[in-house]
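Chemist: One file is attached below, final-v2.cif, containing mmCIF, C-alpha atoms.
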```cif
data_query
#
loop_
_atom_site.group_PDB
_atom_site.id
_atom_site.type_symbol
_atom_site.label_atom_id
_atom_site.label_comp_id
_atom_site.auth_asym_id
_atom_site.auth_seq_id
_atom_site.Cartn_x
_atom_site.Cartn_y
_atom_site.Cartn_z
ATOM 1 C CA TRP A 270 -84.772 23.075 -37.450
ATOM 2 C CA TYR A 271 -88.161 21.680 -38.523
ATOM 3 C CA SER A 272 -91.264 23.584 -37.476
ATOM 4 C CA THR A 273 -94.509 22.058 -36.247
ATOM 5 C CA GLU A 274 -96.307 25.296 -37.113
ATOM 6 C CA HIS A 275 -95.224 25.003 -40.737
ATOM 7 C CA HIS A 276 -96.532 21.441 -40.882
ATOM 8 C CA ILE A 277 -99.886 22.651 -39.554
ATOM 9 C CA ASP A 278 -99.914 25.328 -42.297
ATOM 10 C CA THR A 279 -99.080 22.656 -44.844
ATOM 11 C CA TYR A 280 -101.815 20.354 -43.614
ATOM 12 C CA ALA A 281 -104.400 23.144 -43.782
ATOM 13 C CA LEU A 282 -103.408 24.112 -47.326
ATOM 14 C CA PHE A 283 -103.412 20.605 -48.785
ATOM 15 C CA ASN A 284 -106.518 19.618 -46.864
ATOM 16 C CA MET A 285 -108.402 22.497 -48.499
ATOM 17 C CA LEU A 286 -106.939 21.708 -51.926
ATOM 18 C CA TYR A 287 -107.929 18.054 -51.580
ATOM 19 C CA THR A 288 -111.444 19.043 -50.510
ATOM 20 C CA LEU A 289 -111.787 21.321 -53.548
ATOM 21 C CA THR A 290 -110.185 19.071 -56.168
ATOM 22 C CA GLY A 291 -110.262 15.504 -54.883
ATOM 23 C CA LYS A 292 -106.728 15.002 -56.255
ATOM 24 C CA GLU A 293 -104.795 12.194 -54.583
ATOM 25 C CA GLN A 294 -101.535 14.154 -54.625
ATOM 26 C CA TYR A 295 -103.082 16.660 -52.214
ATOM 27 C CA ARG A 296 -104.469 13.896 -50.007
ATOM 28 C CA ASP A 297 -101.029 12.287 -49.784
ATOM 29 C CA ALA A 298 -99.409 15.631 -48.962
ATOM 30 C CA LYS A 299 -101.855 16.436 -46.179
ATOM 31 C CA GLU A 300 -101.445 12.945 -44.696
ATOM 32 C CA ARG A 301 -97.666 13.327 -44.569
ATOM 33 C CA ALA A 302 -98.051 16.663 -42.801
ATOM 34 C CA LEU A 303 -100.571 15.109 -40.413
ATOM 35 C CA ASN A 304 -98.116 12.333 -39.530
ATOM 36 C CA TRP A 305 -95.605 14.979 -38.469
ATOM 37 C CA ILE A 306 -98.199 16.812 -36.395
ATOM 38 C CA LYS A 307 -99.177 13.561 -34.681
ATOM 39 C CA SER A 308 -95.545 12.704 -33.895
ATOM 40 C CA SER A 309 -94.960 16.169 -32.385
ATOM 41 C CA TRP A 310 -97.554 15.586 -29.650
ATOM 42 C CA ASN A 311 -95.756 15.007 -26.339
ATOM 43 C CA GLY A 312 -98.800 13.933 -24.339
ATOM 44 C CA GLU A 313 -99.465 17.443 -23.020
ATOM 45 C CA TYR A 314 -99.022 19.793 -25.976
ATOM 46 C CA PHE A 315 -97.496 19.942 -29.452
ATOM 47 C CA ASN A 316 -93.723 20.428 -29.484
ATOM 48 C CA ARG A 317 -92.522 23.578 -31.222
ATOM 49 C CA GLY A 318 -90.396 21.610 -33.683
ATOM 50 C CA PHE A 319 -87.430 19.322 -34.167
ATOM 51 C CA ARG A 320 -83.857 20.550 -33.774
ATOM 52 C CA ASP A 321 -80.436 18.892 -33.671
ATOM 53 C CA GLY A 322 -81.828 15.383 -33.603
ATOM 54 C CA LYS A 323 -84.384 15.932 -30.834
ATOM 55 C CA TRP A 324 -87.759 17.522 -30.221
ATOM 56 C CA ASP A 325 -87.816 21.222 -29.392
ATOM 57 C CA THR A 326 -90.170 21.210 -26.415
ATOM 58 C CA VAL A 327 -90.472 24.988 -25.863
ATOM 59 C CA PHE A 328 -94.159 25.767 -25.498
ATOM 60 C CA ALA A 329 -95.468 27.791 -28.458
ATOM 61 C CA THR A 330 -98.958 29.169 -27.873
ATOM 62 C CA ASP A 331 -99.788 29.596 -31.550
ATOM 63 C CA VAL A 332 -98.934 25.994 -32.414
ATOM 64 C CA GLN A 333 -101.599 24.671 -30.038
ATOM 65 C CA LEU A 334 -104.289 27.045 -31.280
ATOM 66 C CA TRP A 335 -103.476 26.563 -34.959
ATOM 67 C CA ALA A 336 -103.744 22.804 -34.425
ATOM 68 C CA ILE A 337 -107.317 23.324 -33.255
ATOM 69 C CA MET A 338 -108.043 25.705 -36.145
ATOM 70 C CA ALA A 339 -106.547 23.442 -38.836
ATOM 71 C CA LEU A 340 -107.581 19.988 -37.609
ATOM 72 C CA GLY A 341 -110.792 20.853 -35.821
ATOM 73 C CA GLU A 342 -112.339 18.887 -33.012
ATOM 74 C CA GLY A 343 -112.796 15.772 -35.158
ATOM 75 C CA GLY A 344 -109.295 15.822 -36.579
ATOM 76 C CA LEU A 345 -107.708 16.117 -33.166
ATOM 77 C CA LYS A 346 -109.975 13.400 -31.798
ATOM 78 C CA SER A 347 -108.650 11.056 -34.511
ATOM 79 C CA LEU A 348 -105.207 11.646 -32.986
ATOM 80 C CA GLY A 349 -106.497 10.908 -29.498
ATOM 81 C CA ILE A 350 -106.467 14.569 -28.459
ATOM 82 C CA ASP A 351 -109.364 16.419 -26.844
ATOM 83 C CA ALA A 352 -109.607 19.846 -28.511
ATOM 84 C CA ARG A 353 -111.388 21.487 -25.577
ATOM 85 C CA LYS A 354 -108.818 20.227 -23.107
ATOM 86 C CA LEU A 355 -106.047 21.478 -25.388
ATOM 87 C CA LEU A 356 -107.641 24.933 -25.601
ATOM 88 C CA LYS A 357 -108.066 25.204 -21.847
ATOM 89 C CA ALA A 358 -104.573 23.846 -21.163
ATOM 90 C CA THR A 359 -103.139 26.435 -23.552
ATOM 91 C CA ILE A 360 -105.016 29.200 -21.756
ATOM 92 C CA GLU A 361 -103.808 27.905 -18.398
ATOM 93 C CA LYS A 362 -100.206 27.941 -19.592
ATOM 94 C CA ALA A 363 -100.168 31.164 -21.579
ATOM 95 C CA GLU A 364 -102.779 33.537 -20.148
ATOM 96 C CA VAL A 365 -101.322 36.627 -18.480
ATOM 97 C CA THR A 366 -102.749 39.797 -16.994
ATOM 98 C CA VAL A 367 -100.424 42.732 -17.556
ATOM 99 C CA LYS A 368 -100.549 46.506 -17.439
ATOM 100 C CA TYR A 369 -100.705 48.362 -20.750
ATOM 101 C CA ARG A 370 -100.810 52.026 -21.690
ATOM 102 C CA LYS A 371 -102.240 53.195 -25.005
ATOM 103 C CA GLN A 372 -100.508 55.558 -27.395
ATOM 104 C CA ASP A 373 -102.242 58.580 -25.890
ATOM 105 C CA GLN A 374 -100.067 58.053 -22.787
ATOM 106 C CA GLY A 375 -103.045 57.697 -20.472
ATOM 107 C CA ASP A 376 -103.132 55.584 -17.334
ATOM 108 C CA TYR A 377 -101.869 52.013 -17.305
ATOM 109 C CA LYS A 378 -104.735 49.526 -17.320
ATOM 110 C CA GLU A 379 -104.803 45.787 -16.781
ATOM 111 C CA VAL A 380 -105.462 43.606 -19.815
ATOM 112 C CA THR A 381 -105.693 39.816 -20.042
ATOM 113 C CA LEU A 382 -104.236 38.182 -23.147
ATOM 114 C CA LEU A 383 -102.193 35.137 -24.116
ATOM 115 C CA ASP A 384 -98.419 35.216 -23.963
ATOM 116 C CA TYR A 385 -96.255 33.751 -26.727
ATOM 117 C CA THR A 386 -95.105 30.994 -24.413
ATOM 118 C CA ASP A 387 -95.491 29.661 -20.875
ATOM 119 C CA LYS A 388 -93.637 30.418 -17.639
ATOM 120 C CA LYS A 389 -90.739 28.123 -18.567
ATOM 121 C CA GLY A 390 -90.437 29.696 -22.013
ATOM 122 C CA ARG A 391 -90.381 33.189 -20.489
ATOM 123 C CA LYS A 392 -87.576 32.126 -18.177
ATOM 124 C CA ILE A 393 -85.542 30.891 -21.152
ATOM 125 C CA ALA A 394 -86.201 34.191 -22.948
ATOM 126 C CA ASP A 395 -85.272 36.071 -19.770
ATOM 127 C CA ARG A 396 -88.292 38.348 -19.799
ATOM 128 C CA LYS A 397 -91.459 39.170 -17.918
ATOM 129 C CA GLU A 398 -95.014 38.394 -18.952
ATOM 130 C CA MET A 399 -96.503 40.124 -21.985
ATOM 131 C CA GLY A 400 -99.638 39.655 -24.032
ATOM 132 C CA SER A 401 -99.812 38.984 -27.758
ATOM 133 C CA VAL A 402 -102.808 40.504 -29.526
ATOM 134 C CA GLU A 403 -102.323 38.433 -32.681
ATOM 135 C CA TRP A 404 -101.950 35.104 -30.876
ATOM 136 C CA THR A 405 -104.915 35.860 -28.616
ATOM 137 C CA THR A 406 -107.088 36.204 -31.740
ATOM 138 C CA PHE A 407 -106.224 32.586 -32.521
ATOM 139 C CA ALA A 408 -107.810 31.638 -29.198
ATOM 140 C CA ILE A 409 -110.954 33.565 -30.159
ATOM 141 C CA ILE A 410 -111.255 31.645 -33.433
ATOM 142 C CA ALA A 411 -110.504 28.298 -31.753
ATOM 143 C CA ALA A 412 -112.977 29.004 -28.952
ATOM 144 C CA ASN A 413 -115.743 29.886 -31.402
ATOM 145 C CA MET A 414 -115.075 26.658 -33.311
ATOM 146 C CA LEU A 415 -115.589 24.704 -30.091
ATOM 147 C CA ASP A 416 -118.625 26.761 -29.060
ATOM 148 C CA GLU A 417 -116.712 28.140 -26.076
ATOM 149 C CA LYS A 418 -118.445 31.496 -26.480
ATOM 150 C CA GLU A 419 -117.503 32.921 -23.087
ATOM 151 C CA ILE A 420 -113.805 32.442 -23.776
ATOM 152 C CA ALA A 421 -114.143 34.108 -27.180
ATOM 153 C CA LYS A 422 -116.167 36.979 -25.710
ATOM 154 C CA ARG A 423 -113.694 37.578 -22.879
ATOM 155 C CA TYR A 424 -110.687 37.846 -25.185
ATOM 156 C CA THR A 425 -112.588 39.925 -27.742
ATOM 157 C CA GLU A 426 -113.494 42.460 -25.072
ATOM 158 C CA SER A 427 -109.946 42.426 -23.757
ATOM 159 C CA ILE A 428 -108.473 43.252 -27.167
ATOM 160 C CA GLU A 429 -111.071 45.937 -27.784
ATOM 161 C CA SER A 430 -110.097 47.582 -24.506
ATOM 162 C CA ILE A 431 -106.585 48.366 -25.824
ATOM 163 C CA SER A 432 -107.632 49.560 -29.273
ATOM 164 C CA TYR A 433 -106.471 53.098 -30.000
ATOM 165 C CA LYS A 434 -108.220 55.019 -32.787
ATOM 166 C CA GLY A 435 -108.868 51.788 -34.646
ATOM 167 C CA THR A 436 -105.332 50.421 -34.252
ATOM 168 C CA LEU A 437 -103.936 47.571 -32.186
ATOM 169 C CA PRO A 438 -100.438 46.788 -30.896
ATOM 170 C CA TYR A 439 -98.520 43.648 -31.758
ATOM 171 C CA ALA A 440 -97.905 43.018 -28.066
ATOM 172 C CA THR A 441 -98.226 44.751 -24.718
ATOM 173 C CA SER A 442 -94.435 45.175 -24.535
ATOM 174 C CA GLN A 443 -92.214 46.599 -27.254
ATOM 175 C CA GLY A 444 -88.705 45.425 -28.127
ATOM 176 C CA GLN A 445 -88.975 42.274 -26.001
ATOM 177 C CA GLN A 446 -88.048 38.736 -27.008
ATOM 178 C CA THR A 447 -91.078 36.577 -27.763
ATOM 179 C CA GLY A 448 -89.179 33.432 -26.820
ATOM 180 C CA HIS A 449 -89.269 32.109 -30.381
ATOM 181 C CA GLY A 450 -86.350 33.883 -31.986
ATOM 182 C CA TRP A 451 -87.563 37.387 -32.661
ATOM 183 C CA PRO A 452 -88.434 40.499 -30.636
ATOM 184 C CA THR A 453 -91.696 42.398 -30.615
ATOM 185 C CA PRO A 454 -91.532 45.603 -32.715
ATOM 186 C CA ASN A 455 -90.863 49.010 -31.201
ATOM 187 C CA THR A 456 -94.310 50.287 -32.105
ATOM 188 C CA LYS A 457 -97.852 50.134 -30.787
ATOM 189 C CA THR A 458 -99.456 49.799 -34.230
ATOM 190 C CA SER A 459 -99.630 46.407 -35.946
ATOM 191 C CA ILE A 460 -101.361 45.540 -39.217
ATOM 192 C CA ILE A 461 -101.198 41.786 -38.529
ATOM 193 C CA SER A 462 -102.989 42.194 -35.189
ATOM 194 C CA HIS A 463 -105.706 44.237 -36.862
ATOM 195 C CA LEU A 464 -106.185 41.737 -39.698
ATOM 196 C CA TRP A 465 -106.411 38.727 -37.409
ATOM 197 C CA PHE A 466 -108.811 40.533 -35.083
ATOM 198 C CA GLU A 467 -111.091 41.290 -38.036
ATOM 199 C CA LEU A 468 -111.044 37.598 -38.946
ATOM 200 C CA ALA A 469 -111.803 36.616 -35.346
ATOM 201 C CA LYS A 470 -114.700 39.060 -35.015
ATOM 202 C CA ALA A 471 -116.161 37.814 -38.304
ATOM 203 C CA ASN A 472 -115.816 34.236 -36.993
ATOM 204 C CA GLN A 473 -113.605 33.331 -39.934
ATOM 205 C CA ASN A 474 -111.083 30.511 -39.823
ATOM 206 C CA PRO A 475 -108.620 30.842 -42.727
ATOM 207 C CA PHE A 476 -107.531 27.215 -42.244
ATOM 208 C CA SER A 477 -110.952 25.805 -43.074
ATOM 209 C CA LEU A 478 -113.440 25.906 -45.949
ATOM 210 C CA GLU A 479 -116.392 25.218 -43.672
ATOM 211 C CA GLU A 480 -117.368 28.780 -42.785
ATOM 212 C CA LYS A 481 -119.131 30.909 -45.355
ATOM 213 C CA SER A 482 -117.137 34.048 -46.114
ATOM 214 C CA GLN A 483 -118.300 37.171 -44.305
ATOM 215 C CA ILE A 484 -115.197 39.068 -45.312
ATOM 216 C CA LYS A 485 -116.384 39.311 -48.914
ATOM 217 C CA GLN A 486 -119.742 40.650 -47.749
ATOM 218 C CA LYS A 487 -117.966 43.273 -45.684
ATOM 219 C CA PHE A 488 -116.366 44.766 -48.768
ATOM 220 C CA ASP A 489 -119.349 44.418 -51.114
ATOM 221 C CA ASN A 490 -119.999 48.150 -50.813
ATOM 222 C CA LYS A 491 -116.643 48.784 -52.476
ATOM 223 C CA THR A 492 -116.218 48.547 -56.249
ATOM 224 C CA TYR A 493 -114.354 45.266 -55.944
ATOM 225 C CA LYS A 494 -114.846 42.428 -58.378
ATOM 226 C CA PRO A 495 -112.973 39.119 -58.217
ATOM 227 C CA GLN A 496 -111.060 38.175 -61.346
ATOM 228 C CA ALA A 497 -112.964 36.087 -63.847
ATOM 229 C CA GLY A 498 -112.437 32.396 -63.236
ATOM 230 C CA ALA A 499 -111.053 32.877 -59.728
ATOM 231 C CA ASP A 500 -111.901 29.968 -57.459
ATOM 232 C CA TRP A 501 -113.179 30.163 -53.873
ATOM 233 C CA ILE A 502 -109.688 30.390 -52.384
ATOM 234 C CA GLY A 503 -108.902 33.177 -54.841
ATOM 235 C CA TYR A 504 -111.945 35.094 -53.627
ATOM 236 C CA GLU A 505 -110.836 34.773 -50.020
ATOM 237 C CA THR A 506 -107.259 35.849 -50.747
ATOM 238 C CA GLN A 507 -108.354 38.894 -52.695
ATOM 239 C CA ASP A 508 -110.914 39.814 -50.060
ATOM 240 C CA LEU A 509 -108.230 39.682 -47.386
ATOM 241 C CA MET A 510 -105.942 41.840 -49.518
ATOM 242 C CA ARG A 511 -108.796 44.297 -49.944
ATOM 243 C CA GLY A 512 -108.820 44.486 -46.161
ATOM 244 C CA VAL A 513 -105.086 45.309 -46.223
ATOM 245 C CA LEU A 514 -105.718 48.108 -48.718
ATOM 246 C CA ASP A 515 -108.497 49.460 -46.525
ATOM 247 C CA ILE A 516 -106.150 49.568 -43.535
ATOM 248 C CA THR A 517 -103.345 51.267 -45.466
ATOM 249 C CA GLN A 518 -105.785 53.941 -46.608
ATOM 250 C CA ARG A 519 -106.699 54.610 -42.984
ATOM 251 C CA LEU A 520 -103.019 54.799 -42.068
ATOM 252 C CA LYS A 521 -102.403 57.337 -44.840
ATOM 253 C CA GLU A 522 -105.308 59.457 -43.629
ATOM 254 C CA GLN A 523 -103.974 59.449 -40.067
ATOM 255 C CA ILE A 524 -100.489 60.418 -41.244
ATOM 256 C CA MET A 525 -101.828 63.252 -43.385
ATOM 257 C CA LYS A 526 -103.727 64.638 -40.383
ATOM 258 C CA SER A 527 -100.649 64.535 -38.146
ATOM 259 C CA ASN A 528 -98.004 67.191 -37.695
ATOM 260 C CA ARG A 529 -95.085 64.784 -37.855
ATOM 261 C CA PRO A 530 -91.937 66.140 -39.526
ATOM 262 C CA ASP A 531 -91.331 62.741 -41.158
ATOM 263 C CA LYS A 532 -94.786 62.655 -42.763
ATOM 264 C CA GLU A 533 -93.523 62.193 -46.338
ATOM 265 C CA LYS A 534 -91.201 59.367 -45.316
ATOM 266 C CA LEU A 535 -94.038 57.563 -43.513
ATOM 267 C CA LEU A 536 -96.347 57.924 -46.516
ATOM 268 C CA THR A 537 -93.663 56.390 -48.714
ATOM 269 C CA ILE A 538 -93.356 53.417 -46.360
ATOM 270 C CA VAL A 539 -97.140 52.872 -46.198
ATOM 271 C CA ALA A 540 -97.316 53.042 -50.010
ATOM 272 C CA THR A 541 -95.155 49.909 -50.194
ATOM 273 C CA LEU A 542 -97.943 47.946 -48.469
ATOM 274 C CA GLU A 543 -100.458 48.609 -51.226
#
```
Turn the structure described in the file into structure tokens.
Modeler:
Amino acid sequence: WYSTEHHIDTYALFNMLYTLTGKEQYRDAKERALNWIKSSWNGEYFNRGFRDGKWDTVFATDVQLWAIMALGEGGLKSLGIDARKLLKATIEKAEVTVKYRKQDQGDYKEVTLLDYTDKKGRKIADRKEMGSVEWTTFAIIAANMLDEKEIAKRYTESIESISYKGTLPYATSQGQQTGHGWPTPNTKTSIISHLWFELAKANQNPFSLEEKSQIKQKFDNKTYKPQAGADWIGYETQDLMRGVLDITQRLKEQIMKSNRPDKEKLLTIVATLE
């Protein structure tokens, strides 16, 4: 199986390397990845990948949004694709309003997020609608890129409404198939959701060099210094890792305050993230 998402990742990486270095080997690599991305377009959305000699046409929400994030409005236009139409078509296919209850076991409340796939994909996965926090943050970043501020604001407020003591779930349903080969975790706390939401709120697109880093500024009050000779990408990577360390510290503090009998075991697990 060949993944369209991985080709978008590849394009973003080599596009940034070519921009920074001007080396032809990176230009050639990004062009090859772009050719794949172009060929995966089925006239309505990007296919999920290529499997057993044919295109895998299952709708993958993240693939559409990452295409906007990596190629931008101009890059998609060069392929004959309208970025705004793609964003709105993705929302039309994947947006769901579901009931969610926070960890404090309060009342169920309605929340509007993006699902991992569309109605057809949910039928294949044999499940009901559910919202993905992580993949909805991609829509926030894409919407801000396209100056669709109301879309970004609506999803930001929606995610904030299900935050619990500074944590976010991976999805609104636990232990359910996403439709892409893996289930959602049996927990309502997700580091990846938190990290992507921080990027979205800071209006940071990790697939582009265009935006000035606000993540570094956020951690300037910490005694963090980038390694001597580190380039711009190195700064960004280390800043993001600093964010991971900040989150693990908060997790440790919450565990220490709890009365859980497995406290020591949990602290050992969190320590592996540092």
Chemist: Work out how far atom CA of A:Thr359 is from atom CA of A:Glu379, in Å to one decimal.
Modeler: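 Computing the Euclidean distance for atom CA of A:Glu379 and atom CA of A:Thr359 yields 20.6 Å.
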Chemist: Would you mind telling me which residue in A:Lys378, A:Asp297, A:Arg370, A:Ser309 lies nearest to A:Asp325 when using all atoms listed in the file?
Modeler: A:Ser309
Chemist: Give as a list in words the residues that the PyMOL selection byres ((chain A and resi 314-322) around 7) matches when applied to the coordinates above.
Modeler: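 Going through the file, the PyMOL selection byres ((chain A and resi 314-322) around 7) ends up selecting Trp270, Tyr271, Ser272, Thr273, Ser309, Trp310, Asn311, Gly312, Glu313, Lys323, Trp324, Asp325, Thr326, Val327, Phe328, Ala329, Val332 and Gln333 of chain A.
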Chemist: Carefully work through the PyMOL selection byres ((chain A and resi 466-476) around 7) for this structure and note down the residues it includes, as a VMD selection string.
Modeler: chain A and resid 281 338 to 339 406 409 to 410 462 to 465 477 480 483
Chemist: Adding 6 Å on each side of the box along x, y and z that holds all listed atoms of stretch 281-296 of chain A, could you give its centre and edge lengths in Å to one decimal, as AutoDock Vina command-line options?
Modeler:
```
--center_x -106.7 --center_y 18.2 --center_z -50.0 --size_x 22.3 --size_y 23.9 --size_z 24.5
```
Chemist: If you apply the PyMOL selection byres ((chain A and resi 340-350) around 8) to this file, what residues do you get, as an mmCIF file with C-alpha atoms, in the frame of the given file?
Modeler:
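out-v7.cif, freshly written:
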```cif
data_model
loop_
_atom_site.group_PDB
_atom_site.id
_atom_site.type_symbol
_atom_site.label_atom_id
_atom_site.label_comp_id
_atom_site.auth_asym_id
_atom_site.auth_seq_id
_atom_site.Cartn_x
_atom_site.Cartn_y
_atom_site.Cartn_z
ATOM 1 C CA ALA A 281 -104.400 23.144 -43.782
ATOM 2 C CA LYS A 307 -99.177 13.561 -34.681
ATOM 3 C CA ALA A 336 -103.744 22.804 -34.425
ATOM 4 C CA ILE A 337 -107.317 23.324 -33.255
ATOM 5 C CA MET A 338 -108.043 25.705 -36.145
ATOM 6 C CA ALA A 339 -106.547 23.442 -38.836
ATOM 7 C CA ASP A 351 -109.364 16.419 -26.844
ATOM 8 C CA ALA A 352 -109.607 19.846 -28.511
ATOM 9 C CA ARG A 353 -111.388 21.487 -25.577
ATOM 10 C CA LEU A 355 -106.047 21.478 -25.388
ATOM 11 C CA MET A 414 -115.075 26.658 -33.311
ATOM 12 C CA LEU A 415 -115.589 24.704 -30.091
#
```
Chemist: Any idea what's packed within 10 Å of stretch 439-447 of chain A, counting only C-alpha atoms, ignoring anything in its chain fewer than 2 positions away? Could you give it as a ChimeraX atom specification?
Modeler: /A:329,367-371,380,382-386,390-391,394-404,431,436-437,449-463
Chemist: Please, could you write that set of residues out with C-alpha atoms as a compact mmCIF listing (two decimals), in the coordinates of the input?
Modeler:
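Just written: out.txt:
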```txt
# COMPACT_ATOMS: atom_id res chain seq x y z
CA ALA A 329 -95.47 27.79 -28.46
CA VAL A 367 -100.42 42.73 -17.56
CA LYS A 368 -100.55 46.51 -17.44
CA TYR A 369 -100.70 48.36 -20.75
CA ARG A 370 -100.81 52.03 -21.69
CA LYS A 371 -102.24 53.20 -25.00
CA VAL A 380 -105.46 43.61 -19.82
CA LEU A 382 -104.24 38.18 -23.15
CA LEU A 383 -102.19 35.14 -24.12
CA ASP A 384 -98.42 35.22 -23.96
CA TYR A 385 -96.26 33.75 -26.73
CA THR A 386 -95.10 30.99 -24.41
CA GLY A 390 -90.44 29.70 -22.01
CA ARG A 391 -90.38 33.19 -20.49
CA ALA A 394 -86.20 34.19 -22.95
CA ASP A 395 -85.27 36.07 -19.77
CA ARG A 396 -88.29 38.35 -19.80
CA LYS A 397 -91.46 39.17 -17.92
CA GLU A 398 -95.01 38.39 -18.95
CA MET A 399 -96.50 40.12 -21.98
CA GLY A 400 -99.64 39.66 -24.03
CA SER A 401 -99.81 38.98 -27.76
CA VAL A 402 -102.81 40.50 -29.53
CA GLU A 403 -102.32 38.43 -32.68
CA TRP A 404 -101.95 35.10 -30.88
CA ILE A 431 -106.58 48.37 -25.82
CA THR A 436 -105.33 50.42 -34.25
CA LEU A 437 -103.94 47.57 -32.19
CA HIS A 449 -89.27 32.11 -30.38
CA GLY A 450 -86.35 33.88 -31.99
CA TRP A 451 -87.56 37.39 -32.66
CA PRO A 452 -88.43 40.50 -30.64
CA THR A 453 -91.70 42.40 -30.62
CA PRO A 454 -91.53 45.60 -32.72
CA ASN A 455 -90.86 49.01 -31.20
CA THR A 456 -94.31 50.29 -32.10
CA LYS A 457 -97.85 50.13 -30.79
CA THR A 458 -99.46 49.80 -34.23
CA SER A 459 -99.63 46.41 -35.95
CA ILE A 460 -101.36 45.54 -39.22
CA ILE A 461 -101.20 41.79 -38.53
CA SER A 462 -102.99 42.19 -35.19
CA HIS A 463 -105.71 44.24 -36.86
```
Chemist: Please, what distance in Å, to one decimal, runs between atom CA of A:Lys434 and atom CA of A:Ala412?
Modeler: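 Those two atoms sit 26.7 Å apart.
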Chemist: With all atoms listed in the file as the basis for distance, which of A:Leu334, A:Val365, A:Ala302, A:Leu356 is at the shortest distance from A:Glu417?
Modeler: A:Leu356
Chemist: So the first atom is atom CA of A:Ile524 and the second is atom CA of A:Ile428; what is the distance between them in Å, to one decimal place?
Modeler: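 Interatomic distance here is 23.6 Å.
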Chemist: Since the input is missing atoms for stretch 320-331 of chain A, could you rebuild it with N, CA, C and O atoms and give the result as a compact mmCIF listing (two decimals), in the coordinates of the input?
Modeler:
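Listing of rebuild_8.txt after writing:
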```
# COMPACT_ATOMS: atom_id res chain seq x y z
N ARG A 320 -85.14 19.86 -33.60
CA ARG A 320 -83.86 20.55 -33.77
C ARG A 320 -82.71 19.68 -33.27
O ARG A 320 -82.78 19.09 -32.19
N ASP A 321 -81.66 19.61 -34.06
CA ASP A 321 -80.44 18.89 -33.67
C ASP A 321 -80.71 17.47 -33.19
O ASP A 321 -80.18 17.02 -32.16
N GLY A 322 -81.58 16.78 -33.90
CA GLY A 322 -81.83 15.38 -33.60
C GLY A 322 -82.77 15.11 -32.45
O GLY A 322 -82.90 13.96 -32.02
N LYS A 323 -83.44 16.15 -31.93
CA LYS A 323 -84.38 15.93 -30.83
C LYS A 323 -85.52 16.95 -30.91
O LYS A 323 -85.41 17.98 -31.57
N TRP A 324 -86.59 16.63 -30.22
CA TRP A 324 -87.76 17.52 -30.22
C TRP A 324 -87.46 18.81 -29.46
O TRP A 324 -86.83 18.78 -28.41
N ASP A 325 -87.90 19.91 -30.03
CA ASP A 325 -87.82 21.22 -29.39
C ASP A 325 -89.10 21.39 -28.58
O ASP A 325 -90.18 21.60 -29.13
N THR A 326 -88.98 21.27 -27.27
CA THR A 326 -90.17 21.21 -26.42
C THR A 326 -90.62 22.57 -25.85
O THR A 326 -91.50 22.62 -25.01
N VAL A 327 -90.02 23.67 -26.32
CA VAL A 327 -90.47 24.99 -25.86
C VAL A 327 -91.95 25.15 -26.22
O VAL A 327 -92.36 24.83 -27.34
N PHE A 328 -92.72 25.62 -25.27
CA PHE A 328 -94.16 25.77 -25.50
C PHE A 328 -94.43 26.97 -26.40
O PHE A 328 -94.03 28.09 -26.08
N ALA A 329 -95.09 26.72 -27.53
CA ALA A 329 -95.47 27.79 -28.46
C ALA A 329 -96.99 27.89 -28.48
O ALA A 329 -97.68 26.96 -28.93
N THR A 330 -97.51 28.99 -28.00
CA THR A 330 -98.96 29.17 -27.87
C THR A 330 -99.67 29.03 -29.21
O THR A 330 -100.72 28.38 -29.31
N ASP A 331 -99.11 29.62 -30.26
CA ASP A 331 -99.79 29.60 -31.55
C ASP A 331 -99.90 28.20 -32.13
O ASP A 331 -100.90 27.86 -32.78
```
